[in-house]
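Have a look at model-v7.cif below; it lists mmCIF, C-alpha atoms.
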```cif
data_final
#
loop_
_atom_site.label_atom_id
_atom_site.label_comp_id
_atom_site.auth_asym_id
_atom_site.auth_seq_id
_atom_site.Cartn_x
_atom_site.Cartn_y
_atom_site.Cartn_z
CA MET A 207 54.71 61.42 -38.27
CA LEU A 208 55.34 60.71 -34.61
CA LEU A 209 58.22 58.29 -34.22
CA PHE A 210 61.07 57.62 -31.85
CA TYR A 211 64.15 59.66 -32.70
CA LEU A 212 67.06 57.67 -31.28
CA LEU A 213 70.47 58.87 -30.22
CA ALA A 214 73.19 56.28 -29.70
CA GLY A 215 75.96 58.64 -28.73
CA ALA A 216 77.17 56.67 -25.70
CA LEU A 217 80.42 55.43 -27.21
CA ARG A 218 82.18 56.00 -23.89
CA LEU A 219 80.07 53.24 -22.33
CA LEU A 220 82.81 50.76 -23.18
CA ARG A 221 81.44 48.17 -20.79
CA TYR A 222 78.64 47.68 -23.32
CA LEU A 223 81.10 46.35 -25.86
CA LEU A 224 78.70 44.77 -28.26
CA VAL A 225 75.76 47.05 -27.56
CA LEU A 226 77.11 50.27 -29.00
CA PRO A 227 77.78 49.20 -32.59
CA LEU A 228 74.24 47.84 -32.65
CA LEU A 229 72.71 51.01 -31.26
CA ILE A 230 74.35 53.11 -33.96
CA GLY A 231 72.03 51.37 -36.40
CA LEU A 232 68.94 52.48 -34.52
CA THR A 233 69.04 56.02 -35.91
CA ALA A 234 67.39 56.15 -39.33
CA THR A 235 66.93 59.14 -41.61
CA THR A 236 65.09 59.22 -44.89
CA MET A 237 66.79 60.68 -47.91
CA ALA A 238 64.20 63.36 -48.42
CA GLN A 239 64.78 66.46 -50.48
CA THR A 240 68.34 67.68 -49.98
CA PRO A 241 68.54 70.87 -47.88
CA VAL A 242 69.94 73.88 -49.73
CA LEU A 243 72.53 76.12 -48.05
CA ILE A 244 72.94 79.77 -49.05
CA ASP A 245 75.95 81.37 -47.33
CA PHE A 246 76.39 84.40 -49.66
CA GLU A 247 80.01 83.53 -50.44
CA GLY A 248 81.10 84.59 -53.93
CA LEU A 249 78.27 87.14 -54.16
CA SER A 250 78.38 90.92 -53.97
CA GLY A 251 76.14 93.95 -54.23
CA THR A 252 72.39 94.03 -53.76
CA LEU A 253 70.61 90.73 -54.41
CA THR A 254 67.37 90.82 -56.35
CA ASP A 255 65.20 88.18 -57.94
CA ASN A 256 67.79 87.10 -60.51
CA LEU A 257 71.07 86.67 -58.63
CA GLN A 258 69.90 83.74 -56.53
CA SER A 259 67.36 82.22 -58.90
CA SER A 260 69.59 79.21 -59.55
CA GLN A 261 69.22 78.30 -55.88
CA GLY A 262 65.46 78.64 -55.88
CA ILE A 263 65.30 81.87 -53.88
CA SER A 264 64.77 85.55 -54.66
CA PHE A 265 64.95 88.71 -52.57
CA GLY A 266 63.09 91.99 -52.65
CA ASP A 267 59.69 91.80 -54.32
CA PRO A 268 57.00 89.12 -53.92
CA SER A 269 55.73 87.42 -57.07
CA ILE A 270 52.18 87.36 -55.70
CA PRO A 271 50.10 90.09 -54.00
CA LEU A 272 50.37 89.88 -50.21
CA GLN A 273 47.27 89.78 -48.03
CA ASP A 274 46.90 90.63 -44.33
CA LEU A 275 50.41 92.06 -44.09
CA PRO A 276 50.45 94.41 -41.09
CA PRO A 277 52.33 97.72 -41.21
CA LEU A 278 56.03 96.94 -40.97
CA ASN A 279 58.30 98.80 -38.57
CA LEU A 280 61.00 99.02 -41.23
CA GLY A 281 58.69 99.93 -44.09
CA THR A 282 58.26 98.20 -47.43
CA PRO A 283 60.18 94.90 -47.52
CA GLY A 284 63.14 94.82 -49.88
CA PRO A 285 66.29 92.92 -50.85
CA VAL A 286 69.58 92.34 -49.06
CA THR A 287 73.06 93.66 -49.76
CA ILE A 288 76.21 91.59 -49.35
CA PHE A 289 78.95 92.84 -47.05
CA PRO A 290 82.13 91.22 -45.71
CA ARG A 291 82.04 90.88 -41.94
CA PRO A 292 84.88 89.57 -39.74
CA ASN A 293 82.45 87.66 -37.51
CA ALA A 294 80.49 85.99 -40.31
CA PRO A 295 79.21 82.59 -39.09
CA SER A 296 80.76 80.90 -42.12
CA GLY A 297 83.10 82.30 -44.74
CA SER A 298 83.41 86.08 -44.83
CA ASN A 299 80.14 87.42 -46.31
CA VAL A 300 76.77 88.18 -44.75
CA ALA A 301 73.58 89.79 -46.04
CA ALA A 302 72.35 93.08 -44.56
CA ASN A 303 68.83 94.50 -44.62
CA CYS A 304 69.51 97.41 -46.94
CA ARG A 305 69.96 98.47 -50.56
CA GLY A 306 73.34 100.14 -49.98
CA GLY A 307 74.61 103.07 -47.95
CA ILE A 308 77.71 103.65 -45.86
CA SER A 309 78.42 100.41 -43.97
CA CYS A 310 74.79 99.61 -44.80
CA GLU A 311 73.52 101.43 -41.73
CA PHE A 312 71.10 103.60 -43.73
CA PRO A 313 68.66 103.02 -45.19
CA ALA A 314 67.70 99.77 -43.43
CA GLY A 315 64.46 97.98 -44.23
CA ALA A 316 62.53 94.77 -43.79
CA VAL A 317 63.80 91.79 -45.81
CA LEU A 318 61.66 89.69 -48.12
CA MET A 319 62.82 86.32 -49.41
CA GLU A 320 60.69 84.13 -51.65
CA PHE A 321 61.19 80.60 -52.97
CA ASP A 322 60.26 79.10 -56.31
CA GLU A 323 57.72 76.94 -54.51
CA THR A 324 56.58 76.35 -50.95
CA ILE A 325 59.36 74.87 -48.81
CA SER A 326 58.98 72.56 -45.84
CA GLU A 327 61.28 74.37 -43.40
CA LEU A 328 63.66 77.32 -43.11
CA SER A 329 66.51 78.21 -40.79
CA PHE A 330 68.98 81.08 -40.85
CA ARG A 331 71.55 82.84 -38.66
CA ILE A 332 70.77 86.41 -37.65
CA GLN A 333 72.46 89.16 -35.63
CA GLY A 334 71.23 92.55 -34.40
CA PHE A 335 72.63 95.38 -32.30
CA ASN A 336 70.18 96.01 -29.45
CA THR A 337 69.02 93.21 -27.15
CA SER A 338 65.84 95.11 -26.27
CA ASP A 339 64.67 94.82 -29.90
CA GLN A 340 62.72 91.97 -31.48
CA PHE A 341 62.75 90.26 -34.86
CA LEU A 342 59.32 89.59 -36.35
CA ILE A 343 59.29 86.69 -38.81
CA TYR A 344 56.31 86.51 -41.17
CA GLY A 345 55.50 83.81 -43.70
CA TYR A 346 53.08 83.74 -46.61
CA ASN A 347 51.58 80.94 -48.68
CA ASP A 348 50.91 80.51 -52.40
CA LEU A 349 47.84 82.73 -52.07
CA GLY A 350 49.89 85.51 -50.50
CA VAL A 351 48.20 85.21 -47.09
CA VAL A 352 50.64 86.51 -44.47
CA THR A 353 51.00 85.00 -40.98
CA LEU A 354 53.29 85.95 -38.09
CA LEU A 355 55.39 82.81 -37.56
CA SER A 356 57.76 83.84 -34.79
CA THR A 357 58.90 86.69 -32.56
CA VAL A 358 62.57 86.42 -31.59
CA ALA A 359 64.57 88.52 -29.15
CA VAL A 360 67.56 90.21 -30.79
CA THR A 361 71.03 89.01 -29.80
CA THR A 362 74.34 90.66 -30.56
CA ASP A 363 75.83 87.28 -31.43
CA TYR A 364 74.51 85.23 -34.33
CA GLN A 365 71.61 83.01 -33.34
CA THR A 366 69.81 80.32 -35.31
CA VAL A 367 66.15 80.93 -36.09
CA ARG A 368 63.94 78.12 -37.38
CA VAL A 369 60.46 78.58 -38.81
CA SER A 370 57.92 76.34 -40.49
CA GLY A 371 57.42 75.99 -44.21
CA ALA A 372 56.04 78.79 -46.41
CA ARG A 373 56.31 80.22 -49.92
CA GLY A 374 58.02 83.39 -48.74
CA TYR A 375 59.20 85.16 -45.62
CA ILE A 376 59.51 88.72 -44.33
CA ILE A 377 61.95 89.66 -41.56
CA ASP A 378 61.02 92.87 -39.74
CA LEU A 379 62.62 94.55 -36.72
CA LEU A 380 60.83 96.12 -33.78
CA ALA A 381 63.58 98.60 -32.88
CA SER A 382 63.94 100.96 -29.94
CA THR A 383 66.85 102.96 -31.38
CA ALA A 384 67.85 104.50 -34.71
CA VAL A 385 70.19 101.58 -35.42
CA ARG A 386 67.95 99.22 -37.38
CA THR A 387 70.49 97.17 -39.29
CA PHE A 388 70.69 93.40 -38.96
CA PHE A 389 72.71 90.72 -40.69
CA ILE A 390 71.68 87.25 -41.85
CA ASP A 391 73.74 84.31 -43.05
CA ASP A 392 73.62 80.56 -43.62
CA ILE A 393 70.08 80.27 -44.94
CA VAL A 394 69.14 76.57 -45.02
CA TYR A 395 65.87 75.50 -46.60
CA THR A 396 64.37 72.14 -47.44
CA PRO A 397 62.22 71.94 -50.59
CA THR A 398 58.84 70.29 -50.19
CA GLN A 399 58.90 66.73 -51.46
CA ARG A 400 56.16 65.61 -53.80
CA PRO A 401 54.39 62.33 -52.94
CA ASP A 402 55.95 60.59 -55.95
CA GLN A 403 59.41 61.55 -54.65
CA LEU A 404 59.01 60.24 -51.11
CA THR A 405 61.52 57.61 -50.07
CA MET A 406 62.09 55.79 -46.81
CA ASP A 407 65.81 55.13 -47.09
CA CYS A 408 67.89 54.68 -43.95
CA GLY A 409 70.30 57.54 -43.39
CA THR A 410 72.40 55.80 -40.74
CA GLY A 411 75.32 55.23 -43.07
CA GLU A 412 75.40 58.87 -44.16
CA GLU A 413 75.36 60.17 -40.59
CA LEU A 414 77.96 57.63 -39.44
CA LEU A 415 80.37 58.47 -42.25
CA GLU A 416 79.94 62.18 -41.52
CA ARG A 417 80.88 61.66 -37.87
CA LEU A 418 83.81 59.41 -38.72
CA GLU A 419 85.21 62.03 -41.08
CA THR A 420 84.71 65.11 -38.92
CA ASP A 421 84.90 63.95 -35.29
CA ARG A 422 88.33 62.63 -34.33
CA VAL A 423 87.28 61.46 -30.85
CA PHE A 424 84.24 59.69 -32.28
CA ARG A 425 86.49 57.92 -34.80
CA GLN A 426 88.92 56.81 -32.09
CA ASN A 427 86.12 55.46 -29.91
CA TYR A 428 84.49 53.77 -32.88
CA ASP A 429 87.74 52.03 -33.84
CA ARG A 430 88.28 50.96 -30.24
CA ILE A 431 84.78 49.49 -30.04
CA GLU A 432 85.46 47.57 -33.24
CA ARG A 433 88.64 46.07 -31.78
CA LEU A 434 86.98 45.17 -28.49
CA THR A 435 84.02 43.63 -30.31
CA GLU A 436 86.34 41.41 -32.34
CA GLU A 437 88.04 40.34 -29.11
CA TYR A 438 84.66 39.60 -27.55
CA ILE A 439 83.62 37.44 -30.51
CA ARG A 440 86.89 35.48 -30.31
CA THR A 441 86.18 34.84 -26.63
CA LEU A 442 82.76 33.47 -27.50
CA ARG A 443 84.18 31.12 -30.09
CA GLU A 444 87.08 29.89 -27.97
CA GLY A 445 85.28 29.48 -24.66
CA ASP A 446 81.77 28.69 -25.91
CA GLU A 447 80.37 31.04 -23.25
CA LEU A 448 79.31 34.64 -22.96
CA GLY A 449 82.14 37.12 -22.59
CA PHE A 450 80.03 38.91 -19.93
CA GLY A 451 79.88 35.77 -17.81
CA GLY A 452 76.18 35.29 -18.52
CA GLU A 453 75.25 38.78 -17.29
CA VAL A 454 72.37 40.54 -19.01
CA ILE A 455 73.35 44.15 -19.64
CA THR A 456 70.61 46.68 -18.79
CA ILE A 457 70.88 50.09 -20.43
CA PRO A 458 69.06 52.97 -18.70
CA VAL A 459 66.87 54.93 -21.11
CA VAL A 460 65.37 58.40 -20.96
CA VAL A 461 62.60 59.29 -23.41
CA HIS A 462 62.15 62.99 -24.18
CA VAL A 463 58.62 63.69 -25.44
CA VAL A 464 58.66 67.04 -27.30
CA TYR A 465 55.12 67.97 -28.31
CA ASN A 466 53.28 70.80 -30.05
CA THR A 467 49.77 69.36 -29.74
CA ALA A 468 48.00 67.18 -27.20
CA ALA A 469 48.00 64.27 -29.64
CA GLN A 470 51.81 64.41 -29.85
CA ASN A 471 52.10 64.21 -26.05
CA ILE A 472 52.00 60.42 -26.06
CA SER A 473 51.16 58.51 -22.90
CA ASP A 474 53.52 56.73 -20.54
CA ALA A 475 51.93 53.47 -21.68
CA GLN A 476 52.89 54.16 -25.31
CA VAL A 477 56.48 54.84 -24.31
CA GLU A 478 56.64 51.71 -22.18
CA SER A 479 55.21 49.59 -25.00
CA GLN A 480 58.02 50.70 -27.33
CA ILE A 481 60.65 49.85 -24.73
CA ASP A 482 59.03 46.42 -24.41
CA ALA A 483 59.15 45.98 -28.20
CA LEU A 484 62.84 46.96 -28.23
CA ASN A 485 63.59 44.39 -25.54
CA GLU A 486 61.77 41.68 -27.45
CA LEU A 487 63.96 42.32 -30.49
CA PHE A 488 67.24 42.30 -28.58
CA ARG A 489 66.29 39.25 -26.47
CA ALA A 490 64.87 37.34 -29.47
CA THR A 491 61.44 36.92 -27.88
CA ASN A 492 59.39 38.81 -30.48
CA ALA A 493 56.39 36.98 -31.93
CA SER A 494 57.62 37.34 -35.52
CA ILE A 495 60.90 35.56 -34.92
CA GLY A 496 59.50 32.42 -36.52
CA SER A 497 59.20 34.23 -39.86
CA VAL A 498 62.94 34.87 -40.20
CA PRO A 499 64.10 33.43 -43.56
CA SER A 500 65.93 30.14 -43.20
CA ALA A 501 69.12 31.64 -44.63
CA PHE A 502 69.33 33.97 -41.62
CA SER A 503 67.73 31.89 -38.86
CA PRO A 504 71.11 30.49 -37.66
CA GLN A 505 72.13 34.06 -36.84
CA VAL A 506 69.18 34.72 -34.53
CA ALA A 507 70.35 35.06 -30.93
CA ASP A 508 69.52 36.52 -27.55
CA MET A 509 71.87 39.50 -27.35
CA GLN A 510 71.75 39.51 -23.54
CA VAL A 511 70.99 43.23 -23.74
CA GLN A 512 67.87 44.89 -22.41
CA PHE A 513 66.58 48.43 -21.94
CA ALA A 514 64.81 49.98 -18.96
CA LEU A 515 63.43 53.44 -18.32
CA ALA A 516 65.76 55.23 -15.93
CA SER A 517 64.75 55.33 -12.26
CA ARG A 518 67.15 58.17 -11.36
CA ASP A 519 67.82 61.42 -13.21
CA PRO A 520 71.32 62.99 -13.55
CA ASP A 521 70.85 64.63 -10.10
CA CYS A 522 70.02 61.23 -8.60
CA GLU A 523 66.40 62.25 -8.08
CA PRO A 524 63.63 59.68 -8.69
CA THR A 525 62.23 59.66 -12.24
CA ASN A 526 60.04 57.54 -14.47
CA GLY A 527 62.54 57.98 -17.31
CA ILE A 528 60.24 60.24 -19.34
CA THR A 529 60.55 64.01 -19.80
CA ARG A 530 57.86 66.16 -21.39
CA THR A 531 58.51 69.45 -23.17
CA SER A 532 55.89 71.68 -24.79
CA THR A 533 57.26 73.41 -27.90
CA SER A 534 56.10 76.04 -30.36
CA VAL A 535 57.84 74.11 -33.16
CA THR A 536 55.23 72.31 -35.25
CA SER A 537 57.65 69.75 -36.70
CA PHE A 538 61.35 68.95 -36.61
CA THR A 539 63.81 67.83 -39.24
CA LYS A 540 67.59 67.69 -39.52
CA SER A 541 70.27 69.04 -41.83
CA SER A 542 73.36 67.01 -42.67
CA ILE A 543 75.02 69.90 -44.50
CA SER A 544 75.15 72.38 -41.62
CA THR A 545 77.98 72.51 -39.09
CA ASP A 546 75.71 74.19 -36.53
CA PRO A 547 74.46 71.54 -34.04
CA LEU A 548 71.24 73.49 -33.56
CA VAL A 549 70.48 73.12 -37.27
CA ARG A 550 71.71 69.53 -37.59
CA ASN A 551 69.54 68.20 -34.74
CA PRO A 552 67.22 70.94 -33.44
CA VAL A 553 65.06 68.64 -31.32
CA LYS A 554 68.06 68.08 -29.04
CA PHE A 555 68.41 71.71 -27.97
CA ALA A 556 66.13 73.93 -25.89
CA ALA A 557 67.21 76.97 -27.93
CA THR A 558 65.52 75.49 -31.01
CA GLY A 559 62.38 74.29 -29.26
CA GLY A 560 63.67 70.87 -28.28
CA LYS A 561 64.98 69.24 -25.12
CA ALA A 562 68.61 68.76 -24.12
CA GLY A 563 69.65 65.17 -23.62
CA TRP A 564 70.89 63.63 -20.41
CA PRO A 565 74.59 62.63 -20.22
CA SER A 566 75.18 59.99 -22.88
CA ASP A 567 77.79 58.33 -20.64
CA ASP A 568 74.94 57.13 -18.44
CA TYR A 569 71.76 57.08 -20.54
CA LEU A 570 70.45 56.16 -23.95
CA ASN A 571 68.51 59.27 -25.00
CA ILE A 572 65.39 58.83 -27.13
CA TRP A 573 63.47 61.81 -28.52
CA VAL A 574 59.80 61.61 -29.52
CA CYS A 575 58.64 64.46 -31.75
CA ASN A 576 56.68 65.35 -34.85
CA LEU A 577 58.92 64.99 -37.92
CA SER A 578 58.69 66.65 -41.32
CA SER A 579 60.33 66.52 -44.75
CA GLY A 580 59.75 62.78 -45.06
CA LEU A 581 62.08 62.16 -42.12
CA LEU A 582 61.70 58.66 -40.73
CA GLY A 583 63.77 59.13 -37.61
#
```
Could you express the structure from this file as structure tokens?
Amino acid sequence: MLLFYLLAGALRLLRYLLVLPLLIGLTATTMAQTPVLIDFEGLSGTLTDNLQSSQGISFGDPSIPLQDLPPLNLGTPGPVTIFPRPNAPSGSNVAANCRGGISCEFPAGAVLMEFDETISELSFRIQGFNTSDQFLIYGYNDLGVVTLLSTVAVTTDYQTVRVSGARGYIIDLLASTAVRTFFIDDIVYTPTQRPDQLTMDCGTGEELLERLETDRVFRQNYDRIERLTEEYIRTLREGDELGFGGEVITIPVVVHVVYNTAAQNISDAQVESQIDALNELFRATNASIGSVPSAFSPQVADMQVQFALASRDPDCEPTNGITRTSTSVTSFTKSSISTDPLVRNPVKFAATGGKAGWPSDDYLNIWVCNLSSGLLG
């Protein structure tokens, strides 16, 4: 579904004392199927279809006949072998594309991984040895029909690769030298959610608690905002007037439209209509305000906060406050269990098919994209 994906990361905008705690609540995430992380820690040897079955994944041989699989550069796809590596992205173990050998350099082959059932999305970290080579990522469905999903340039540092959902995957290497080994780690996949499992729960609390626990600066700013907000409320009560002296605070907004199809490339008018709707809610001018239950109607108020599409970009050039980015990614999701920002919020990074935000000191960034895995926003 195509919905606004909101980022309220502008905690340093302390002049918007009351605004920021409210904006935190604008990011909502559904509690869809929990992503599964496989980091190969505690494992050893060559992994086949049994060693990882408890995590819903197998390596080596497909359970269904494959159709339309082109000749692979590395030959018949096989399993992976676990090796300790000092530069492992997490922990100490990684998986190499071989069945054994000295340092796993020979023999190296294509890797096949298959899941118990079709998943909605896959990401993994991968490293090669020659930057002139390319990784070829294939996927196949429940009928065994194989499709090339992505071609990725090899890097000598670990990079994050994201591909769309499939039943199984094959990683091949188009190599220009005899060194054909590569290493993978931190496989993250999201099981497909059945219709009877779909929920639309708000994930704001989960994300907020995660940031409070892991980001010291965020926690300090959050606590400071809380203190300043309490002071602001006391000022209202004691002076019976707005702490901002009656000023309406206008927050500049940039909307990043990240689209894979023409239908996802929404119009300027659609963006502007959503900004108008946001302003109606914060200024208490929305048509449905009369339907607020009587128990809560005394709390309805004009927040003296409004939003406007930015008129200047970070370089002070004129803008309409809307950026447009064409992407090869068919749908985006997020992972709360990964420490890699590119996996946690891929739509916010060009490297994962998204668009980098503008400085959050000066703008409220809003991303518009196609979302998967039951993700609300």
Inset, instruction - Excluding range 263-269 of chain A and any residue of its chain fewer than 4 positions from it, enumerate the residues within 12 Å of it, using all atoms listed in the file, and give them as an MDAnalysis selection string. - result: chainID A and resid 242:244 252:259 273 282:287 301:305 315:325 328 345:352 373:377 393:397
Can I get the selected residues back with C-alpha atoms, as a PDB file, in the frame of the given file?
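Final output, part-v8.pdb:
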```pdb
ATOM      1  CA  VAL A 242      69.940  73.880 -49.730  1.00  0.00           C
ATOM      2  CA  LEU A 243      72.530  76.120 -48.050  1.00  0.00           C
ATOM      3  CA  ILE A 244      72.940  79.770 -49.050  1.00  0.00           C
ATOM      4  CA  THR A 252      72.390  94.030 -53.760  1.00  0.00           C
ATOM      5  CA  LEU A 253      70.610  90.730 -54.410  1.00  0.00           C
ATOM      6  CA  THR A 254      67.370  90.820 -56.350  1.00  0.00           C
ATOM      7  CA  ASP A 255      65.200  88.180 -57.940  1.00  0.00           C
ATOM      8  CA  ASN A 256      67.790  87.100 -60.510  1.00  0.00           C
ATOM      9  CA  LEU A 257      71.070  86.670 -58.630  1.00  0.00           C
ATOM     10  CA  GLN A 258      69.900  83.740 -56.530  1.00  0.00           C
ATOM     11  CA  SER A 259      67.360  82.220 -58.900  1.00  0.00           C
ATOM     12  CA  GLN A 273      47.270  89.780 -48.030  1.00  0.00           C
ATOM     13  CA  THR A 282      58.260  98.200 -47.430  1.00  0.00           C
ATOM     14  CA  PRO A 283      60.180  94.900 -47.520  1.00  0.00           C
ATOM     15  CA  GLY A 284      63.140  94.820 -49.880  1.00  0.00           C
ATOM     16  CA  PRO A 285      66.290  92.920 -50.850  1.00  0.00           C
ATOM     17  CA  VAL A 286      69.580  92.340 -49.060  1.00  0.00           C
ATOM     18  CA  THR A 287      73.060  93.660 -49.760  1.00  0.00           C
ATOM     19  CA  ALA A 301      73.580  89.790 -46.040  1.00  0.00           C
ATOM     20  CA  ALA A 302      72.350  93.080 -44.560  1.00  0.00           C
ATOM     21  CA  ASN A 303      68.830  94.500 -44.620  1.00  0.00           C
ATOM     22  CA  CYS A 304      69.510  97.410 -46.940  1.00  0.00           C
ATOM     23  CA  ARG A 305      69.960  98.470 -50.560  1.00  0.00           C
ATOM     24  CA  GLY A 315      64.460  97.980 -44.230  1.00  0.00           C
ATOM     25  CA  ALA A 316      62.530  94.770 -43.790  1.00  0.00           C
ATOM     26  CA  VAL A 317      63.800  91.790 -45.810  1.00  0.00           C
ATOM     27  CA  LEU A 318      61.660  89.690 -48.120  1.00  0.00           C
ATOM     28  CA  MET A 319      62.820  86.320 -49.410  1.00  0.00           C
ATOM     29  CA  GLU A 320      60.690  84.130 -51.650  1.00  0.00           C
ATOM     30  CA  PHE A 321      61.190  80.600 -52.970  1.00  0.00           C
ATOM     31  CA  ASP A 322      60.260  79.100 -56.310  1.00  0.00           C
ATOM     32  CA  GLU A 323      57.720  76.940 -54.510  1.00  0.00           C
ATOM     33  CA  THR A 324      56.580  76.350 -50.950  1.00  0.00           C
ATOM     34  CA  ILE A 325      59.360  74.870 -48.810  1.00  0.00           C
ATOM     35  CA  LEU A 328      63.660  77.320 -43.110  1.00  0.00           C
ATOM     36  CA  GLY A 345      55.500  83.810 -43.700  1.00  0.00           C
ATOM     37  CA  TYR A 346      53.080  83.740 -46.610  1.00  0.00           C
ATOM     38  CA  ASN A 347      51.580  80.940 -48.680  1.00  0.00           C
ATOM     39  CA  ASP A 348      50.910  80.510 -52.400  1.00  0.00           C
ATOM     40  CA  LEU A 349      47.840  82.730 -52.070  1.00  0.00           C
ATOM     41  CA  GLY A 350      49.890  85.510 -50.500  1.00  0.00           C
ATOM     42  CA  VAL A 351      48.200  85.210 -47.090  1.00  0.00           C
ATOM     43  CA  VAL A 352      50.640  86.510 -44.470  1.00  0.00           C
ATOM     44  CA  ARG A 373      56.310  80.220 -49.920  1.00  0.00           C
ATOM     45  CA  GLY A 374      58.020  83.390 -48.740  1.00  0.00           C
ATOM     46  CA  TYR A 375      59.200  85.160 -45.620  1.00  0.00           C
ATOM     47  CA  ILE A 376      59.510  88.720 -44.330  1.00  0.00           C
ATOM     48  CA  ILE A 377      61.950  89.660 -41.560  1.00  0.00           C
ATOM     49  CA  ILE A 393      70.080  80.270 -44.940  1.00  0.00           C
ATOM     50  CA  VAL A 394      69.140  76.570 -45.020  1.00  0.00           C
ATOM     51  CA  TYR A 395      65.870  75.500 -46.600  1.00  0.00           C
ATOM     52  CA  THR A 396      64.370  72.140 -47.440  1.00  0.00           C
ATOM     53  CA  PRO A 397      62.220  71.940 -50.590  1.00  0.00           C
TER      54      PRO A 397
END
```
Quick check on the file I pasted: which residues fall under the PyMOL selection byres ((chain A and resi 456-468) around 7)? Write them as a PDB file with C-alpha atoms, in the frame of the given file.
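So expr-v6.pdb came out as:
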```pdb
ATOM      1  CA  VAL A 454      72.370  40.540 -19.010  1.00  0.00           C
ATOM      2  CA  ILE A 455      73.350  44.150 -19.640  1.00  0.00           C
ATOM      3  CA  ALA A 469      48.000  64.270 -29.640  1.00  0.00           C
ATOM      4  CA  GLN A 470      51.810  64.410 -29.850  1.00  0.00           C
ATOM      5  CA  ASN A 471      52.100  64.210 -26.050  1.00  0.00           C
ATOM      6  CA  VAL A 511      70.990  43.230 -23.740  1.00  0.00           C
ATOM      7  CA  GLN A 512      67.870  44.890 -22.410  1.00  0.00           C
ATOM      8  CA  PHE A 513      66.580  48.430 -21.940  1.00  0.00           C
ATOM      9  CA  ALA A 514      64.810  49.980 -18.960  1.00  0.00           C
ATOM     10  CA  LEU A 515      63.430  53.440 -18.320  1.00  0.00           C
ATOM     11  CA  ALA A 516      65.760  55.230 -15.930  1.00  0.00           C
ATOM     12  CA  GLY A 527      62.540  57.980 -17.310  1.00  0.00           C
ATOM     13  CA  ILE A 528      60.240  60.240 -19.340  1.00  0.00           C
ATOM     14  CA  THR A 529      60.550  64.010 -19.800  1.00  0.00           C
ATOM     15  CA  ARG A 530      57.860  66.160 -21.390  1.00  0.00           C
ATOM     16  CA  THR A 531      58.510  69.450 -23.170  1.00  0.00           C
ATOM     17  CA  SER A 532      55.890  71.680 -24.790  1.00  0.00           C
ATOM     18  CA  THR A 533      57.260  73.410 -27.900  1.00  0.00           C
ATOM     19  CA  SER A 534      56.100  76.040 -30.360  1.00  0.00           C
ATOM     20  CA  VAL A 535      57.840  74.110 -33.160  1.00  0.00           C
ATOM     21  CA  THR A 536      55.230  72.310 -35.250  1.00  0.00           C
ATOM     22  CA  GLY A 560      63.670  70.870 -28.280  1.00  0.00           C
ATOM     23  CA  LYS A 561      64.980  69.240 -25.120  1.00  0.00           C
ATOM     24  CA  TYR A 569      71.760  57.080 -20.540  1.00  0.00           C
ATOM     25  CA  LEU A 570      70.450  56.160 -23.950  1.00  0.00           C
ATOM     26  CA  ASN A 571      68.510  59.270 -25.000  1.00  0.00           C
ATOM     27  CA  ILE A 572      65.390  58.830 -27.130  1.00  0.00           C
ATOM     28  CA  TRP A 573      63.470  61.810 -28.520  1.00  0.00           C
ATOM     29  CA  VAL A 574      59.800  61.610 -29.520  1.00  0.00           C
ATOM     30  CA  CYS A 575      58.640  64.460 -31.750  1.00  0.00           C
TER      31      CYS A 575
END
```
Legend entry - Picked residues, the PyMOL selection byres ((chain A and resi 520) around 12), expected as an MDAnalysis selection string: chainID A and resid 458:460 516:519 521:525 527 563:569
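Between CA of Thr383 in chain A and CA of Gln340 in chain A the separation is 11.7 Å.
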Legend entry - Atom-to-atom span, CA of Phe538 in chain A and CA of Ser356 in chain A, Å: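 Interatomic distance here is 15.4 Å.
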Inset, instruction - In Å, rounded to a single decimal, give me how far CA of Ala562 in chain A is from CA of Glu432 in chain A. - result: 28.6 Å
Residues in the PyMOL selection byres ((chain A and resi 364) around 10), expressed as a tab-separated table (two decimals) with C-alpha atoms, in the coordinates of the input:
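Output below, filename expr-v3.tsv:
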```
chain	number	residue	atom	x	y	z
A	293	ASN	CA	82.45	87.66	-37.51
A	294	ALA	CA	80.49	85.99	-40.31
A	295	PRO	CA	79.21	82.59	-39.09
A	330	PHE	CA	68.98	81.08	-40.85
A	331	ARG	CA	71.55	82.84	-38.66
A	332	ILE	CA	70.77	86.41	-37.65
A	333	GLN	CA	72.46	89.16	-35.63
A	334	GLY	CA	71.23	92.55	-34.40
A	360	VAL	CA	67.56	90.21	-30.79
A	361	THR	CA	71.03	89.01	-29.80
A	362	THR	CA	74.34	90.66	-30.56
A	363	ASP	CA	75.83	87.28	-31.43
A	365	GLN	CA	71.61	83.01	-33.34
A	366	THR	CA	69.81	80.32	-35.31
A	367	VAL	CA	66.15	80.93	-36.09
A	389	PHE	CA	72.71	90.72	-40.69
A	390	ILE	CA	71.68	87.25	-41.85
A	391	ASP	CA	73.74	84.31	-43.05
```
